[in-house]
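Next comes run_38.cif, a file with mmCIF, C-alpha atoms.
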data_input
loop_
_atom_site.label_atom_id
_atom_site.label_comp_id
_atom_site.auth_asym_id
_atom_site.auth_seq_id
_atom_site.Cartn_x
_atom_site.Cartn_y
_atom_site.Cartn_z
CA MET A 22 -80.37 -129.68 158.22
CA SER A 23 -81.09 -132.95 156.41
CA LYS A 24 -78.41 -135.60 156.05
CA PRO A 25 -77.04 -136.31 152.57
CA ASN A 26 -78.11 -139.48 150.78
CA LEU A 27 -75.40 -141.96 149.81
CA ALA A 28 -75.26 -144.58 147.06
CA LEU A 29 -72.75 -147.41 146.70
CA VAL A 30 -72.38 -148.67 143.14
CA GLY A 31 -70.83 -152.13 143.03
CA ALA A 32 -72.16 -153.04 146.45
CA THR A 33 -71.81 -156.80 145.98
CA GLY A 34 -68.21 -156.83 144.66
CA ALA A 35 -65.01 -157.50 146.61
CA VAL A 36 -64.29 -153.84 147.37
CA GLY A 37 -68.00 -153.07 147.77
CA SER A 38 -68.26 -155.70 150.48
CA VAL A 39 -65.34 -154.11 152.35
CA MET A 40 -67.01 -150.73 151.87
CA ILE A 41 -70.14 -152.00 153.62
CA GLU A 42 -67.99 -153.22 156.53
CA ILE A 43 -66.51 -149.72 156.77
CA ILE A 44 -69.92 -148.02 156.57
CA ASN A 45 -71.19 -150.26 159.37
CA ALA A 46 -68.14 -149.55 161.53
CA ARG A 47 -68.38 -145.76 161.30
CA GLU A 48 -70.88 -143.19 162.48
CA ASN A 49 -74.02 -143.09 160.36
CA ILE A 50 -73.99 -139.59 158.90
CA TRP A 51 -76.34 -140.43 156.03
CA GLY A 52 -80.01 -140.00 155.34
CA GLU A 53 -80.62 -142.85 152.92
CA ILE A 54 -77.98 -145.44 151.98
CA ARG A 55 -78.76 -147.03 148.62
CA LEU A 56 -76.98 -150.14 147.38
CA ILE A 57 -76.62 -150.46 143.61
CA ALA A 58 -75.23 -153.30 141.51
CA SER A 59 -75.72 -155.16 138.25
CA LYS A 60 -79.03 -156.66 137.21
CA ARG A 61 -77.69 -160.07 138.26
CA SER A 62 -77.16 -158.90 141.84
CA ALA A 63 -80.32 -156.79 142.16
CA GLY A 64 -82.69 -158.06 144.81
CA LYS A 65 -80.02 -159.28 147.22
CA GLU A 66 -80.42 -158.17 150.83
CA ILE A 67 -77.48 -156.71 152.75
CA MET A 68 -77.44 -155.45 156.34
CA VAL A 69 -76.33 -151.85 156.74
CA HIS A 70 -76.42 -150.19 160.17
CA GLY A 71 -78.74 -152.89 161.46
CA SER A 72 -81.31 -152.67 158.65
CA LYS A 73 -81.85 -154.83 155.59
CA HIS A 74 -81.12 -153.00 152.35
CA VAL A 75 -82.27 -154.44 149.03
CA VAL A 76 -79.74 -154.03 146.22
CA VAL A 77 -81.21 -152.17 143.25
CA GLU A 78 -80.18 -152.43 139.61
CA LEU A 79 -77.79 -149.87 138.13
CA THR A 80 -80.02 -147.54 136.11
CA GLU A 81 -80.26 -143.78 135.73
CA ALA A 82 -83.27 -143.76 138.06
CA ALA A 83 -81.18 -145.42 140.78
CA PHE A 84 -79.49 -142.05 141.37
CA ASP A 85 -82.73 -140.13 141.97
CA GLY A 86 -82.50 -138.26 145.28
CA ILE A 87 -78.86 -139.23 145.85
CA ASP A 88 -76.27 -136.63 146.86
CA ILE A 89 -73.05 -138.69 146.83
CA ALA A 90 -72.35 -141.93 144.96
CA MET A 91 -69.30 -144.12 145.49
CA PHE A 92 -68.31 -146.26 142.51
CA ASP A 93 -66.48 -149.56 143.12
CA VAL A 94 -66.81 -150.97 139.60
CA PRO A 95 -64.54 -151.61 136.59
CA ASP A 96 -63.24 -148.72 134.49
CA GLU A 97 -65.64 -149.35 131.62
CA VAL A 98 -68.65 -149.17 133.96
CA SER A 99 -67.46 -146.00 135.68
CA GLU A 100 -66.74 -144.34 132.34
CA ILE A 101 -70.44 -144.61 131.49
CA TRP A 102 -72.20 -144.27 134.81
CA ALA A 103 -70.16 -141.75 136.83
CA PRO A 104 -70.93 -138.96 134.30
CA ILE A 105 -74.59 -140.01 134.28
CA ALA A 106 -74.73 -139.68 138.06
CA ALA A 107 -72.87 -136.35 137.96
CA GLY A 108 -75.31 -135.12 135.33
CA LYS A 109 -78.10 -135.66 137.85
CA GLY A 110 -76.29 -133.48 140.41
CA VAL A 111 -74.70 -136.35 142.29
CA VAL A 112 -71.07 -136.06 143.45
CA ALA A 113 -69.49 -139.20 141.98
CA ILE A 114 -66.49 -140.63 143.84
CA ASP A 115 -64.84 -143.18 141.59
CA ASN A 116 -62.47 -145.95 142.66
CA SER A 117 -61.60 -147.05 139.11
CA GLY A 118 -58.80 -145.75 136.91
CA ALA A 119 -61.19 -144.15 134.43
CA PHE A 120 -60.73 -140.52 135.52
CA ARG A 121 -57.57 -140.39 137.64
CA MET A 122 -55.43 -138.45 135.18
CA ASN A 123 -58.23 -136.26 133.82
CA PRO A 124 -57.11 -132.67 134.63
CA GLU A 125 -60.71 -131.76 135.50
CA VAL A 126 -61.05 -134.57 138.03
CA PRO A 127 -59.31 -134.22 141.42
CA LEU A 128 -57.33 -137.20 142.69
CA VAL A 129 -57.81 -137.09 146.44
CA VAL A 130 -56.17 -138.53 149.55
CA PRO A 131 -57.85 -136.80 152.53
CA GLU A 132 -54.66 -136.76 154.64
CA VAL A 133 -52.72 -135.09 151.81
CA ASN A 134 -54.92 -132.89 149.60
CA PRO A 135 -58.46 -132.66 151.04
CA PHE A 136 -58.87 -129.19 149.51
CA ALA A 137 -58.78 -130.72 146.03
CA ALA A 138 -62.14 -132.43 146.59
CA LYS A 139 -63.92 -129.08 146.34
CA SER A 140 -62.65 -128.42 142.82
CA ARG A 141 -64.63 -130.88 140.71
CA PRO A 142 -65.90 -129.23 137.51
CA LEU A 143 -67.18 -132.55 136.14
CA GLY A 144 -68.84 -133.51 139.41
CA ILE A 145 -66.43 -136.45 139.74
CA ILE A 146 -63.67 -137.13 142.30
CA SER A 147 -61.19 -139.92 141.69
CA ASN A 148 -59.66 -142.36 144.19
CA PRO A 149 -55.99 -143.24 143.56
CA ASN A 150 -54.62 -146.65 142.66
CA CYS A 151 -54.10 -148.97 145.64
CA THR A 152 -50.31 -149.10 145.20
CA THR A 153 -49.97 -145.32 145.17
CA LEU A 154 -52.33 -145.01 148.13
CA THR A 155 -50.28 -147.37 150.27
CA MET A 156 -47.51 -144.80 150.66
CA MET A 157 -49.37 -141.51 150.23
CA ALA A 158 -50.23 -140.69 153.83
CA ALA A 159 -46.59 -141.12 154.81
CA LEU A 160 -45.12 -139.31 151.81
CA GLY A 161 -47.62 -136.48 152.09
CA ALA A 162 -46.58 -135.79 155.67
CA LEU A 163 -42.87 -135.95 154.84
CA HIS A 164 -43.25 -133.79 151.72
CA LYS A 165 -45.02 -131.10 153.70
CA LYS A 166 -42.10 -130.98 156.13
CA TRP A 167 -39.04 -131.49 153.88
CA GLN A 168 -40.15 -131.19 150.20
CA LEU A 169 -39.94 -134.44 148.25
CA THR A 170 -37.92 -134.35 145.01
CA GLU A 171 -37.24 -137.98 144.02
CA LEU A 172 -38.88 -141.32 144.67
CA VAL A 173 -37.74 -144.90 143.98
CA VAL A 174 -40.32 -147.54 144.84
CA SER A 175 -40.49 -151.32 144.70
CA SER A 176 -43.93 -152.73 145.42
CA TYR A 177 -44.81 -156.21 146.63
CA GLN A 178 -48.47 -156.47 145.72
CA ALA A 179 -51.07 -158.85 147.10
CA VAL A 180 -53.06 -161.04 144.72
CA SER A 181 -56.32 -159.40 145.84
CA GLY A 182 -55.21 -156.45 143.74
CA ALA A 183 -56.27 -158.61 140.80
CA GLY A 184 -59.70 -159.17 142.35
CA SER A 185 -61.37 -162.25 143.75
CA VAL A 186 -59.98 -164.31 140.87
CA GLY A 187 -56.48 -163.61 142.20
CA ILE A 188 -57.42 -164.66 145.73
CA ASP A 189 -58.98 -167.89 144.46
CA GLN A 190 -56.01 -168.70 142.22
CA LEU A 191 -53.46 -168.36 145.03
CA ALA A 192 -55.62 -170.45 147.36
CA ARG A 193 -55.88 -173.25 144.78
CA GLU A 194 -52.16 -173.20 144.04
CA ILE A 195 -51.22 -173.23 147.74
CA ALA A 196 -53.48 -176.25 148.27
CA ALA A 197 -51.78 -178.01 145.34
CA VAL A 198 -48.19 -177.48 146.54
CA ALA A 199 -48.76 -177.64 150.30
CA GLY A 200 -48.07 -181.35 150.68
CA ASN A 201 -45.09 -181.49 148.34
CA LEU A 202 -41.81 -180.81 150.11
CA ASP A 203 -39.96 -180.67 146.78
CA ALA A 204 -42.12 -177.86 145.37
CA GLY A 205 -39.95 -174.98 144.23
CA LEU A 206 -36.67 -176.87 144.59
CA ARG A 207 -36.12 -177.43 140.88
CA SER A 208 -36.90 -175.54 137.71
CA ASP A 209 -40.60 -175.22 136.93
CA ASN A 210 -41.73 -178.11 139.13
CA VAL A 211 -44.31 -175.83 140.76
CA SER A 212 -45.96 -175.52 137.35
CA GLU A 213 -45.89 -179.31 136.99
CA ILE A 214 -47.41 -179.89 140.43
CA ILE A 215 -50.15 -177.35 139.79
CA ALA A 216 -50.97 -178.87 136.40
CA LYS A 217 -51.17 -182.39 137.90
CA ALA A 218 -53.66 -181.00 140.43
CA GLY A 219 -55.91 -180.02 137.52
CA ILE A 220 -55.27 -176.29 137.80
CA SER A 221 -54.96 -174.64 134.41
CA GLN A 222 -52.54 -171.72 134.14
CA ALA A 223 -54.72 -170.42 131.32
CA ASP A 224 -57.43 -169.69 133.89
CA SER A 225 -55.05 -167.67 136.08
CA PRO A 226 -54.60 -163.89 135.99
CA TRP A 227 -50.89 -164.63 135.56
CA GLY A 228 -48.89 -166.62 133.05
CA ASN A 229 -46.72 -168.07 135.84
CA PRO A 230 -47.56 -169.74 139.14
CA ILE A 231 -48.00 -167.33 142.01
CA ALA A 232 -47.54 -169.89 144.81
CA LEU A 233 -43.89 -170.04 145.98
CA ASN A 234 -43.09 -167.38 143.41
CA VAL A 235 -42.92 -163.66 142.69
CA ILE A 236 -43.96 -162.17 139.37
CA PRO A 237 -42.18 -158.94 138.31
CA ALA A 238 -45.18 -157.56 136.48
CA ALA A 239 -48.32 -155.94 137.89
CA GLY A 240 -50.59 -154.48 135.25
CA GLY A 241 -50.17 -154.58 131.50
CA PHE A 242 -46.94 -153.63 129.78
CA GLN A 243 -46.76 -150.17 128.23
CA ALA A 244 -44.34 -148.24 126.03
CA GLY A 245 -40.76 -148.31 127.28
CA GLY A 246 -41.23 -151.60 129.11
CA HIS A 247 -43.04 -150.12 132.13
CA THR A 248 -46.22 -151.69 133.45
CA SER A 249 -49.44 -149.76 133.90
CA GLU A 250 -49.08 -150.06 137.69
CA GLU A 251 -45.59 -148.53 137.56
CA LEU A 252 -46.81 -145.59 135.50
CA LYS A 253 -49.73 -145.07 137.88
CA VAL A 254 -47.29 -144.78 140.80
CA ARG A 255 -45.36 -142.12 138.89
CA ASN A 256 -48.23 -140.09 137.47
CA GLU A 257 -50.59 -140.30 140.42
CA SER A 258 -47.91 -139.40 142.96
CA ARG A 259 -47.14 -136.25 140.98
CA LYS A 260 -50.80 -135.25 140.81
CA ILE A 261 -51.71 -135.95 144.45
CA LEU A 262 -48.63 -134.24 145.89
CA GLY A 263 -48.77 -131.39 143.39
CA ILE A 264 -45.16 -131.98 142.24
CA LYS A 265 -45.24 -131.87 138.44
CA ASP A 266 -41.52 -132.62 138.07
CA LEU A 267 -41.23 -135.31 140.77
CA LYS A 268 -38.70 -137.92 139.63
CA VAL A 269 -40.18 -141.38 140.12
CA SER A 270 -38.94 -144.88 139.37
CA ALA A 271 -41.19 -147.82 140.24
CA THR A 272 -41.00 -151.59 139.92
CA CYS A 273 -44.22 -153.43 140.76
CA VAL A 274 -44.09 -157.10 141.74
CA ARG A 275 -46.94 -159.52 142.45
CA VAL A 276 -46.26 -161.73 145.49
CA PRO A 277 -48.06 -164.72 147.06
CA VAL A 278 -49.89 -162.67 149.69
CA GLN A 279 -53.67 -162.51 149.81
CA VAL A 280 -54.21 -159.01 151.25
CA ALA A 281 -52.01 -155.94 151.90
CA HIS A 282 -49.51 -154.30 149.57
CA SER A 283 -45.96 -153.62 150.76
CA LEU A 284 -43.64 -150.94 149.38
CA ALA A 285 -39.91 -150.42 149.80
CA VAL A 286 -39.54 -146.65 149.43
CA HIS A 287 -36.40 -144.60 148.82
CA ALA A 288 -37.35 -140.92 149.09
CA THR A 289 -35.11 -137.91 148.49
CA PHE A 290 -35.93 -134.43 149.78
CA LYS A 291 -34.80 -130.87 149.16
CA ASN A 292 -34.04 -130.27 152.82
CA LYS A 293 -31.89 -132.19 155.27
CA LEU A 294 -33.60 -134.70 157.52
CA THR A 295 -32.76 -137.59 159.82
CA ALA A 296 -34.38 -140.95 160.46
CA ASP A 297 -35.31 -139.85 163.98
CA GLN A 298 -37.02 -136.74 162.63
CA VAL A 299 -38.94 -138.80 160.08
CA ARG A 300 -39.98 -141.31 162.73
CA ALA A 301 -41.20 -138.53 165.02
CA GLU A 302 -43.14 -136.82 162.22
CA LEU A 303 -44.84 -140.03 161.15
CA GLU A 304 -45.81 -140.83 164.74
CA LEU A 305 -47.77 -137.57 164.80
CA GLN A 306 -49.99 -138.66 161.89
CA PRO A 307 -53.37 -140.01 163.05
CA THR A 308 -53.71 -142.58 160.25
CA ILE A 309 -50.15 -143.94 160.44
CA VAL A 310 -48.79 -146.61 162.79
CA VAL A 311 -45.02 -146.67 163.16
CA MET A 312 -43.66 -150.19 163.77
CA ASP A 313 -39.92 -149.66 163.81
CA ASP A 314 -37.78 -151.68 166.17
CA PRO A 315 -36.16 -154.15 163.75
CA GLU A 316 -33.69 -155.56 166.29
CA LYS A 317 -36.70 -156.90 168.17
CA GLY A 318 -38.37 -158.09 164.97
CA ILE A 319 -40.85 -155.21 164.99
CA PHE A 320 -41.74 -154.00 161.49
CA PRO A 321 -44.91 -154.15 159.39
CA THR A 322 -45.85 -157.26 157.44
CA PRO A 323 -48.94 -158.05 155.35
CA VAL A 324 -50.21 -160.78 157.69
CA HIS A 325 -50.33 -158.24 160.53
CA VAL A 326 -51.74 -155.36 158.49
CA ALA A 327 -54.52 -157.21 156.62
CA GLY A 328 -57.96 -156.07 157.77
CA GLN A 329 -56.70 -152.89 159.42
CA ASP A 330 -57.29 -149.28 158.35
CA PRO A 331 -54.01 -147.44 159.11
CA THR A 332 -50.87 -147.23 157.02
CA PHE A 333 -48.02 -149.06 158.78
CA VAL A 334 -44.42 -147.84 158.43
CA GLY A 335 -41.15 -149.37 159.56
CA ARG A 336 -37.49 -149.96 158.65
CA ILE A 337 -36.98 -146.18 158.75
CA ARG A 338 -33.35 -145.36 158.08
CA GLN A 339 -31.15 -142.74 156.50
CA SER A 340 -29.62 -143.73 153.19
CA GLU A 341 -25.88 -144.32 153.46
CA ASP A 342 -24.91 -142.98 150.03
CA PHE A 343 -27.65 -140.56 148.98
CA GLU A 344 -27.93 -137.08 150.45
CA ASN A 345 -31.21 -136.03 152.07
CA SER A 346 -32.65 -139.50 151.46
CA ILE A 347 -34.69 -141.82 153.64
CA ASP A 348 -35.49 -145.51 153.17
CA LEU A 349 -38.61 -147.02 154.69
CA PHE A 350 -41.02 -149.96 154.36
CA VAL A 351 -44.74 -149.23 154.09
CA VAL A 352 -47.62 -151.71 154.29
CA GLY A 353 -51.33 -151.06 153.82
CA ASP A 354 -54.46 -153.15 153.29
CA ASN A 355 -55.11 -152.69 149.58
CA LEU A 356 -58.83 -153.41 149.94
CA ARG A 357 -59.31 -150.92 152.77
CA LYS A 358 -57.11 -147.80 152.67
CA GLY A 359 -56.02 -148.82 149.18
CA ALA A 360 -59.59 -148.74 147.91
CA ALA A 361 -62.77 -148.71 149.99
CA LEU A 362 -61.62 -146.69 153.01
CA ASN A 363 -60.10 -143.82 151.05
CA THR A 364 -63.22 -143.64 148.86
CA TYR A 365 -65.41 -143.50 151.94
CA GLU A 366 -63.23 -140.86 153.59
CA ILE A 367 -63.64 -138.71 150.47
CA ALA A 368 -67.42 -139.19 150.78
CA GLU A 369 -67.21 -138.00 154.39
CA LEU A 370 -65.31 -134.90 153.22
CA VAL A 371 -67.99 -134.10 150.66
CA ALA A 372 -70.75 -134.74 153.21
CA GLN A 373 -69.18 -132.14 155.50
CA GLU A 374 -69.07 -129.70 152.60
CA LEU A 375 -72.69 -130.32 151.62
CA GLY A 376 -73.79 -130.03 155.24
#

Encoding of this model in structure tokens:
Amino acid sequence: MSKPNLALVGATGAVGSVMIEIINARENIWGEIRLIASKRSAGKEIMVHGSKHVVVELTEAAFDGIDIAMFDVPDEVSEIWAPIAAGKGVVAIDNSGAFRMNPEVPLVVPEVNPFAAKSRPLGIISNPNCTTLTMMAALGALHKKWQLTELVVSSYQAVSGAGSVGIDQLAREIAAVAGNLDAGLRSDNVSEIIAKAGISQADSPWGNPIALNVIPAAGGFQAGGHTSEELKVRNESRKILGIKDLKVSATCVRVPVQVAHSLAVHATFKNKLTADQVRAELELQPTIVVMDDPEKGIFPTPVHVAGQDPTFVGRIRQSEDFENSIDLFVVGDNLRKGAALNTYEIAELVAQELG
């Protein structure tokens, strides 16, 4: 039986570049691999499984002969081109937010709801938001065992969640404050130091400095004072886990970390459970690494997790004052499992189905 043909739309972007790393690191199960990007990037050569691949321009013809297409492009691009690809019989796997809450588009995390990938009436499968994804493998396993009912989450999100512009902004600001021992010791002097270095806050994704700072806003503000990221955590968690009435409260914070999102999670379940039981259950999961010996300084941090595929979990403990509740700290690379890796794992699921 012939191997399915794969396309990567957005092959030259930040997530697309990570996707190519993942493709190269895994078994080649594909017939053709076609790299697609904007007209500006067309013609570039990228090595995939030891062979040079020329990037082609995003056009309708670019999907000819393709079975599965992964989209790592902005919402407005996916909104147009994912349906075009699906209309040509291609299974479109989209990493943007364009289709996540569409009831006819499954929102898939292979460790949690792989079955959902087969129900795709529009020919499109959606990849969850990176913040939601960071905790989903862990919560999916615990929900299956003890039935999740409530979730309180605080996220500490890396600047790469805002794209390469976020990475560049943090790097510039760090360089500006690095030699100033007074930076951050009095009100707003970080802003003054950055301005003197010729760095304009108007060019930043954020209205405040990110170096030596945390910004309690990730995403745009919506009705009720919630940010779009906070609502994604609520709505996407409900859809992925299949819990329509899951109670969720989220606060999303941008922190001066380049790669890897961290989440402090307070989860309440229908059935009784202990920290030891949770630890044992998570250790059974093939895509989770438990780092949980805090007295020895062993717990997950972004600088350790960056560049790795698994979800890392630590600080597992039973809540003192809330029945059937567990507190834990979860860290995941937002460019890998939070974006490219999960998208690719969905493509592998579909490839098995088509085979």

Residues selected by the PyMOL selection byres ((chain A and resi 52-54) around 8), written as a PyMOL selection string: chain A and resi 23-29+50-51+55-56

Residues matched by the PyMOL selection byres ((chain A and resi 173) around 7), written as a PyMOL selection string: chain A and resi 171-172+174+269-271+286-288

For A:Leu79: contacts at 9 Å, only C-alpha atoms, fewer than 5 positions along chain excluded, given as a ChimeraX atom specification: /A:30-31,57-60,63,84,102

Counting only C-alpha atoms, the option among A:Thr80, A:Ser208, A:Asn123, A:Ser225 closest to A:Ile188: A:Ser225

Quick one: 3 Å padding each side, axis-aligned, all listed atoms of stretch 249-258 of chain A - centre and edge lengths in Å to one decimal, as JSON?
{"center_x": -48.0, "center_y": -144.7, "center_z": 138.4, "size_x": 11.2, "size_y": 16.7, "size_z": 15.1}

Distance of atom CA of A:Met40 from atom CA of A:Leu356, expressed in Å to one decimal place: 8.8 Å

From the structure just shown, export stretch 338-351 of chain A with N, CA, C and O atoms as a CSV table (one decimal), in the first residue's frame.
chain,number,residue,atom,x,y,z
A,338,ARG,N,0.8,17.5,45.0
A,338,ARG,CA,0.5,17.5,46.4
A,338,ARG,C,-1.0,17.6,46.5
A,338,ARG,O,-1.7,18.1,45.6
A,339,GLN,N,-1.5,17.1,47.6
A,339,GLN,CA,-3.0,17.1,47.9
A,339,GLN,C,-3.3,18.5,48.5
A,339,GLN,O,-2.6,19.0,49.4
A,340,SER,N,-4.4,19.1,48.0
A,340,SER,CA,-4.8,20.4,48.6
A,340,SER,C,-5.2,20.2,50.0
A,340,SER,O,-5.9,19.3,50.4
A,341,GLU,N,-4.7,21.2,50.9
A,341,GLU,CA,-5.0,21.1,52.3
A,341,GLU,C,-6.5,21.4,52.6
A,341,GLU,O,-7.0,20.8,53.6
A,342,ASP,N,-7.1,22.2,51.9
A,342,ASP,CA,-8.5,22.7,52.3
A,342,ASP,C,-9.6,22.4,51.3
A,342,ASP,O,-10.7,22.8,51.5
A,343,PHE,N,-9.3,21.7,50.2
A,343,PHE,CA,-10.3,21.4,49.2
A,343,PHE,C,-10.3,19.9,48.9
A,343,PHE,O,-9.4,19.3,48.6
A,344,GLU,N,-11.5,19.4,49.1
A,344,GLU,CA,-11.7,17.9,49.0
A,344,GLU,C,-11.5,17.4,47.6
A,344,GLU,O,-11.9,18.1,46.6
A,345,ASN,N,-10.9,16.3,47.5
A,345,ASN,CA,-10.7,15.6,46.2
A,345,ASN,C,-9.9,16.5,45.2
A,345,ASN,O,-10.1,16.4,44.0
A,346,SER,N,-9.0,17.3,45.8
A,346,SER,CA,-8.3,18.2,44.9
A,346,SER,C,-6.8,18.0,45.0
A,346,SER,O,-6.2,17.7,46.0
A,347,ILE,N,-6.1,18.2,43.8
A,347,ILE,CA,-4.7,18.0,43.7
A,347,ILE,C,-4.1,19.3,43.1
A,347,ILE,O,-4.7,19.9,42.2
A,348,ASP,N,-2.9,19.7,43.6
A,348,ASP,CA,-2.2,20.8,43.0
A,348,ASP,C,-0.9,20.2,42.4
A,348,ASP,O,-0.2,19.3,42.9
A,349,LEU,N,-0.6,20.8,41.2
A,349,LEU,CA,0.6,20.3,40.5
A,349,LEU,C,1.2,21.4,39.6
A,349,LEU,O,0.5,22.4,39.3
A,350,PHE,N,2.4,21.3,39.2
A,350,PHE,CA,3.1,22.3,38.3
A,350,PHE,C,3.5,21.5,37.1
A,350,PHE,O,4.1,20.5,37.1
A,351,VAL,N,3.0,22.1,35.9
A,351,VAL,CA,3.2,21.4,34.6
A,351,VAL,C,4.0,22.4,33.7
A,351,VAL,O,3.7,23.5,33.6
